[in-house]
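Visitor: Supplied in structure tokens, the structure appears directly below.
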Amino acid sequence: MQFIDQTKIYFKAGKGGDGIVAFRREAHVPLGGPFGGDGGNGGSIIFEVDTHKTTLLDLRFTKKITAESGENGKSKKMHGADGQDKVIKVPLGTLVKNLETGKIIADLTNVGQRAVICKGGNGGRGNFHFKSSKNTAPDYAEKGELGEEFEGLVELKLLADVGLVGFPSVGKSTILSVVSSAKPEIADYPFTTLTPKLGVVSVNDGRSFVMADLPGLIKGAAEGKGLGHEFLKHIERCRVIIHVLDMGNTGRDVVEDYKTINDELASYQYRLMQRPQIVLANKMDEENAEQNLKRFKQNFPDIAVYETTSLIGEGLQPVLYKAADLLDITDPFPLEDEQEDIGVVYKFVPQPEPFTVKNLGNGKWSIEGEKIDKLFEKTDFDKEDEAIRFALALKKLGVDQQLSEKGAQENDEVFIHDYVFQLTELV
């Protein structure tokens with residue numbers, strides 16, 4: 001089966017429902033006042049870990065995922081129904097990135113873990129909320145906020161505990177087939193393993209772990225040669241590495257092979273060389289094996305070497321015990337670089353400006369900013385009172401003052417999204 005491990009998807013959360021304008025009109029209730037309810041919140045897109053899933057095949061042909069929008073508010077202060085969340089089941093080890101910003105949105109590494117990928121917009125407030133001593137009968141309400149939306153990359157990073165690394169055709173697939181029930185392709189030519197294969201390994205003392213037969217490395221893999229990053233990205237989560245060397249091979253130098261593989265691991269991010277490594281001398285039944293092993297030990301006298309003949313399963317049990325022992329004392333390695341904990345550090349971080357004013361020339365200006373966007377989304381410009389309220393909110397934020405300081409004149413045009421406003425009065 002093909003190992004589908006990444007796909008691009010456009011996410012769009014639900015829009016919040018609009019608040020409504022309504023008044024209480026009952027014969028026995030004088031001066032009933034505003035009675036409009038709030039809009040419901042938009043539904044969010046949520047990923048949830050499902051241990052029964054092992055690939056992203058279900059999402060492979062999904063181009064867009066949307067969540068339900070919230071309902072508009074109702075009279076009698078009734079709240080509109082919230083939009084239903086869209087819950088997507090994904091395998092353990094799924095990672096979601098925002099393609100535009102490169103930010104990791106979620107890293108699902110625990111059984112049952114849930115993460116909000118795309119948050120729904122808040123519902124708008126009904127006119128009941130705007131009642132005051134100065135305005136006892138407000139005839140305006142807020143529109144609901146738009147939900148988040150972005151194009152994301154969904155990636156499944158293999159969650160093996162132990163990874164088999166080494167040059168092509170050193171016997172990694174054979175080892176996995178012997179110690180587990182996995183059936184990787186085995187042949188005497190390079191790159192028979194083009195995608196990772198997983199197997200559950202049981203040690204005789206009752207312990208178990210997941211082992212991955214990873215695609216073969218070559219020199220330059222960290223720069224993308226051979227299977228390159230297709231190999232390296234699958235070893236990021238392994239806590240223990242078994243480095244397999246072909247002691248019977250006469251076409252390559254085992255000493256140089258060992259150095260080359262470790263150089264590639266060191267060149268890749270996520271500190272792969274910090275993981276404990278078990279060196280396995282495979283194919284010890286072949287003619288040149290003893291000579292190659294002797295030379296290897298002379299060059300690396302401090303490295304423990306496990307001698308095996310994987311084809312018949314000889315010498316593999318001590319390797320499995322050692323791997324299980326190392327897993328017991330090795331914590332998971334985080335994907336993101338962590339800074340050393342040096343206690344509490346106070347650092348001044350200036351707050352971003354709530355908006356920016358740009359001079360477009362010829363008496364034209366544009367206003368941008370997160371607060372401006374939220375005010376804009378909640379305003380119904382077909383209603384005069386709401387348009388006035390929007391203008392007053394901008395003035396309170398200091399937009400008028402900044403326009404005046406930058407040289408804006410009356411009757412200049414101001415662009416906010418697709419709307420054009422005309423300046424009629426400046427501070």
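Here, A, B, ... name the chains of the structure tokens in the order displayed, residue numbers run from 1 inside each chain, and ligands are numbered from 1 in the same displayed order.
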Among region 49-168 of chain A, which residues does DSSP mark as helix (DSSP H, G or I) when it is run on the backbone? Keep the chain and numbering as in the structure and answer as a list of chain:residue names.
Guide: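 Residues of region 49-168 of chain A classed as helix (DSSP H, G or I): A:Leu57, A:Asp58, A:Leu59, A:Asn127, A:Phe128, A:His129, A:Phe130.
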Visitor: At a cut-off of 12 Å, using only C-alpha atoms, what residues contact Asp253 (chain A)? Leave out same-chain residues fewer than 2 positions from it and give the result as a PyMOL selection string.
Guide: chain A and resi 167+245-251+255-260+288-289+291-293+295-296
Visitor: I need the residues from that last selection saved to file as an mmCIF file, in the first residue's frame (with C-alpha atoms), if you can.
Guide:
data_model
loop_
_atom_site.group_PDB
_atom_site.id
_atom_site.type_symbol
_atom_site.label_atom_id
_atom_site.label_comp_id
_atom_site.auth_asym_id
_atom_site.auth_seq_id
_atom_site.Cartn_x
_atom_site.Cartn_y
_atom_site.Cartn_z
ATOM 1 C CA PHE A 167 22.952 2.529 2.953
ATOM 2 C CA LEU A 245 26.270 -1.893 8.280
ATOM 3 C CA ASP A 246 26.834 -4.515 5.576
ATOM 4 C CA MET A 247 29.994 -6.286 6.713
ATOM 5 C CA GLY A 248 29.956 -8.660 3.762
ATOM 6 C CA ASN A 249 29.995 -5.978 1.092
ATOM 7 C CA THR A 250 33.193 -5.720 -0.946
ATOM 8 C CA GLY A 251 32.079 -2.797 -3.096
ATOM 9 C CA VAL A 255 34.226 2.675 7.833
ATOM 10 C CA GLU A 256 33.388 5.309 5.222
ATOM 11 C CA ASP A 257 29.766 4.130 5.108
ATOM 12 C CA TYR A 258 29.457 4.669 8.862
ATOM 13 C CA LYS A 259 30.972 8.149 8.666
ATOM 14 C CA THR A 260 28.858 9.131 5.644
ATOM 15 C CA ASN A 288 34.701 -10.714 4.022
ATOM 16 C CA ALA A 289 32.642 -9.980 7.134
ATOM 17 C CA GLN A 291 37.922 -8.747 8.102
ATOM 18 C CA ASN A 292 35.622 -5.749 7.653
ATOM 19 C CA LEU A 293 34.427 -5.965 11.247
ATOM 20 C CA ARG A 295 38.897 -2.970 10.581
ATOM 21 C CA PHE A 296 35.772 -1.185 11.780
#
Visitor: Quick one: of A:Val154, A:Leu360, A:Cys118, A:Ala106, who's nearest to Ala67 (chain A), counting only C-alpha atoms?
Guide: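 Comparing A:Val154, A:Leu360, A:Cys118, A:Ala106 against Ala67 (chain A), the winner is A:Cys118.
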Visitor: Leaving out Lys364 (chain A) and any residue of its chain fewer than 6 positions from it, which residues lie within 9 Å of it when counting only C-alpha atoms, given as a list in words?
Guide: Lys358, Ala408, Asp412, Glu413, Val414 and Phe415 of chain A
Visitor: Skip Lys378 (chain A) itself and residues of its chain fewer than 3 positions away, then list as a PyMOL selection string all residues within 6 Å of it, counting only C-alpha atoms.
Guide: chain A and resi 142-144+375
Visitor: Could you please take those selected residues and save C-alpha atoms as a JSON list (two decimals), in the first residue's frame?
Guide:
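And here is the file that came out, out-v1.json:
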[["chain", "number", "residue", "atom", "x", "y", "z"],
["A", 142, "GLU", "CA", -23.43, 43.56, 14.93],
["A", 143, "LYS", "CA", -22.73, 41.27, 12.02],
["A", 144, "GLY", "CA", -20.95, 38.01, 12.76],
["A", 375, "LEU", "CA", -15.02, 46.45, 13.08]]
Visitor: Each residue of region 117-150 of chain A with at least one atom at most 9 Å from region 77-86 of chain A should appear once, together with its nearest atom pair and the corresponding distance in Å (one decimal); atoms considered: only C-alpha atoms; ordering: chain, then increasing residue number; output as JSON lines.
Guide:
{"residue": "A:Gly120", "atom": "CA", "partner": "A:Gly83", "partner_atom": "CA", "distance": 8.3}
{"residue": "A:Gly123", "atom": "CA", "partner": "A:Asp82", "partner_atom": "CA", "distance": 8.3}
{"residue": "A:Gly126", "atom": "CA", "partner": "A:Lys77", "partner_atom": "CA", "distance": 7.6}
{"residue": "A:Phe128", "atom": "CA", "partner": "A:Lys77", "partner_atom": "CA", "distance": 7.1}
Visitor: What's the 10 Å shell around Ala387 (chain A), counting only C-alpha atoms, without same-chain residues fewer than 6 positions away, as a PyMOL selection string?
Guide: chain A and resi 140+376+379-381+393
Visitor: Using only all heavy atoms, please write the residues we just selected to a file, as a PDB file, in the first residue's frame.
Guide:
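Written file, selection-v9.pdb:
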ATOM      1  N   TYR A 140     -29.616  49.047  15.858  1.00  0.00           N
ATOM      2  CA  TYR A 140     -28.527  48.434  15.107  1.00  0.00           C
ATOM      3  C   TYR A 140     -28.000  47.222  15.886  1.00  0.00           C
ATOM      4  O   TYR A 140     -28.192  47.098  17.096  1.00  0.00           O
ATOM      5  CB  TYR A 140     -27.398  49.428  14.833  1.00  0.00           C
ATOM      6  CG  TYR A 140     -26.871  50.140  16.063  1.00  0.00           C
ATOM      7  CD1 TYR A 140     -25.936  49.540  16.899  1.00  0.00           C
ATOM      8  CD2 TYR A 140     -27.320  51.421  16.370  1.00  0.00           C
ATOM      9  CE1 TYR A 140     -25.466  50.194  18.020  1.00  0.00           C
ATOM     10  CE2 TYR A 140     -26.857  52.084  17.489  1.00  0.00           C
ATOM     11  CZ  TYR A 140     -25.921  51.473  18.322  1.00  0.00           C
ATOM     12  OH  TYR A 140     -25.463  52.123  19.433  1.00  0.00           O
ATOM     13  N   PHE A 376     -15.013  46.306  10.666  1.00  0.00           N
ATOM     14  CA  PHE A 376     -15.594  46.317   9.321  1.00  0.00           C
ATOM     15  C   PHE A 376     -16.532  45.127   9.133  1.00  0.00           C
ATOM     16  O   PHE A 376     -17.635  45.273   8.602  1.00  0.00           O
ATOM     17  CB  PHE A 376     -14.471  46.292   8.289  1.00  0.00           C
ATOM     18  CG  PHE A 376     -14.935  46.373   6.863  1.00  0.00           C
ATOM     19  CD1 PHE A 376     -15.163  47.605   6.262  1.00  0.00           C
ATOM     20  CD2 PHE A 376     -15.148  45.219   6.123  1.00  0.00           C
ATOM     21  CE1 PHE A 376     -15.598  47.685   4.949  1.00  0.00           C
ATOM     22  CE2 PHE A 376     -15.591  45.288   4.806  1.00  0.00           C
ATOM     23  CZ  PHE A 376     -15.820  46.528   4.218  1.00  0.00           C
ATOM     24  N   THR A 379     -20.034  45.441  10.788  1.00  0.00           N
ATOM     25  CA  THR A 379     -20.869  46.605  10.463  1.00  0.00           C
ATOM     26  C   THR A 379     -21.686  46.379   9.195  1.00  0.00           C
ATOM     27  O   THR A 379     -21.164  45.918   8.184  1.00  0.00           O
ATOM     28  CB  THR A 379     -19.985  47.857  10.283  1.00  0.00           C
ATOM     29  OG1 THR A 379     -19.217  48.071  11.468  1.00  0.00           O
ATOM     30  CG2 THR A 379     -20.839  49.082  10.022  1.00  0.00           C
ATOM     31  N   ASP A 380     -22.945  46.707   9.278  1.00  0.00           N
ATOM     32  CA  ASP A 380     -23.834  46.672   8.106  1.00  0.00           C
ATOM     33  C   ASP A 380     -23.938  48.107   7.584  1.00  0.00           C
ATOM     34  O   ASP A 380     -24.662  48.942   8.155  1.00  0.00           O
ATOM     35  CB  ASP A 380     -25.207  46.140   8.506  1.00  0.00           C
ATOM     36  CG  ASP A 380     -26.138  45.994   7.306  1.00  0.00           C
ATOM     37  OD1 ASP A 380     -25.756  46.426   6.193  1.00  0.00           O
ATOM     38  OD2 ASP A 380     -27.243  45.452   7.467  1.00  0.00           O
ATOM     39  N   PHE A 381     -23.259  48.403   6.499  1.00  0.00           N
ATOM     40  CA  PHE A 381     -23.179  49.776   6.000  1.00  0.00           C
ATOM     41  C   PHE A 381     -24.453  50.209   5.271  1.00  0.00           C
ATOM     42  O   PHE A 381     -24.564  51.371   4.867  1.00  0.00           O
ATOM     43  CB  PHE A 381     -21.954  49.935   5.094  1.00  0.00           C
ATOM     44  CG  PHE A 381     -20.656  49.838   5.837  1.00  0.00           C
ATOM     45  CD1 PHE A 381     -19.926  48.652   5.836  1.00  0.00           C
ATOM     46  CD2 PHE A 381     -20.176  50.913   6.558  1.00  0.00           C
ATOM     47  CE1 PHE A 381     -18.734  48.547   6.526  1.00  0.00           C
ATOM     48  CE2 PHE A 381     -18.978  50.826   7.256  1.00  0.00           C
ATOM     49  CZ  PHE A 381     -18.254  49.642   7.244  1.00  0.00           C
ATOM     50  N   ALA A 393     -16.150  54.709  15.959  1.00  0.00           N
ATOM     51  CA  ALA A 393     -15.174  53.743  16.467  1.00  0.00           C
ATOM     52  C   ALA A 393     -13.791  54.007  15.878  1.00  0.00           C
ATOM     53  O   ALA A 393     -12.775  53.921  16.575  1.00  0.00           O
ATOM     54  CB  ALA A 393     -15.627  52.322  16.143  1.00  0.00           C
TER      55      ALA A 393
END
Visitor: So how many Å separate CA of Lys197 (chain A) and CA of Asp213 (chain A), to one decimal?
Guide: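 Calculated distance between CA of Lys197 (chain A) and CA of Asp213 (chain A) is 5.2 Å.
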Visitor: Write out as a CSV table (one decimal) with C-alpha atoms, in the first residue's frame the residues lying within 12 Å of Gly43 (chain A), counting only C-alpha atoms and excluding same-chain residues fewer than 3 positions away.
Guide:
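Saved as around33.csv:
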chain,number,residue,atom,x,y,z
A,11,PHE,CA,-9.5,25.3,5.5
A,12,LYS,CA,-12.4,27.6,6.0
A,13,ALA,CA,-14.2,27.9,9.4
A,14,GLY,CA,-17.8,28.9,9.8
A,15,LYS,CA,-18.9,32.6,9.9
A,16,GLY,CA,-20.5,33.8,13.0
A,17,GLY,CA,-24.2,34.5,12.8
A,40,GLY,CA,-24.4,31.9,17.0
A,46,ILE,CA,-10.9,20.2,14.5
A,65,ILE,CA,-12.7,21.6,4.3
A,66,THR,CA,-15.4,23.9,5.6
A,67,ALA,CA,-17.3,24.2,8.9
A,68,GLU,CA,-20.9,25.3,9.4
A,69,SER,CA,-21.8,28.9,9.9
A,70,GLY,CA,-23.7,30.1,13.0
A,71,GLU,CA,-27.3,31.0,12.8
A,81,ALA,CA,-27.6,28.2,17.1
A,82,ASP,CA,-23.8,27.7,16.9
A,83,GLY,CA,-22.4,26.2,13.7
A,84,GLN,CA,-21.5,22.6,14.0
A,85,ASP,CA,-17.7,21.9,14.3
A,86,LYS,CA,-16.1,19.8,11.6
A,87,VAL,CA,-14.2,17.0,13.3
A,116,VAL,CA,-8.5,23.4,16.6
A,117,ILE,CA,-7.1,23.9,13.1
A,118,CYS,CA,-9.3,26.8,12.0
A,119,LYS,CA,-11.4,28.8,14.5
A,120,GLY,CA,-14.9,29.8,13.7
A,121,GLY,CA,-16.0,33.5,13.9
A,122,ASN,CA,-17.8,34.9,16.9
A,123,GLY,CA,-21.5,35.7,16.5
A,145,GLU,CA,-17.2,37.7,12.3
A,146,LEU,CA,-15.7,35.7,9.5
A,147,GLY,CA,-14.1,32.4,10.4
A,148,GLU,CA,-10.4,31.8,9.9
Visitor: Region 244-417 of chain A: which residues are strand (DSSP E) by DSSP, as number ranges by chain?
Guide: A: 244-246, 277-282, 305-307, 356-361, 364-368, 413-416
Visitor: Give me the residues near Thr62 (chain A) as a list in words, where near means some atom within 9 Å (using only C-alpha atoms) and where sequence neighbours in that chain fewer than 6 positions away do not count.
Guide: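 In the requested format, the answer is Thr7, Lys8, Ile9 and Tyr10 of chain A.
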Visitor: Between CA of Gly73 (chain A) and CA of Ala391 (chain A), what distance in Å does the model show, to one decimal?
Guide: 24.5 Å
Visitor: Of the residues A:Asn299, A:Asn98, A:Leu198, A:Glu149, which is the one nearest to Thr55 (chain A), using only C-alpha atoms?
Guide: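 Closest to Thr55 (chain A) of all the choices is A:Leu198.
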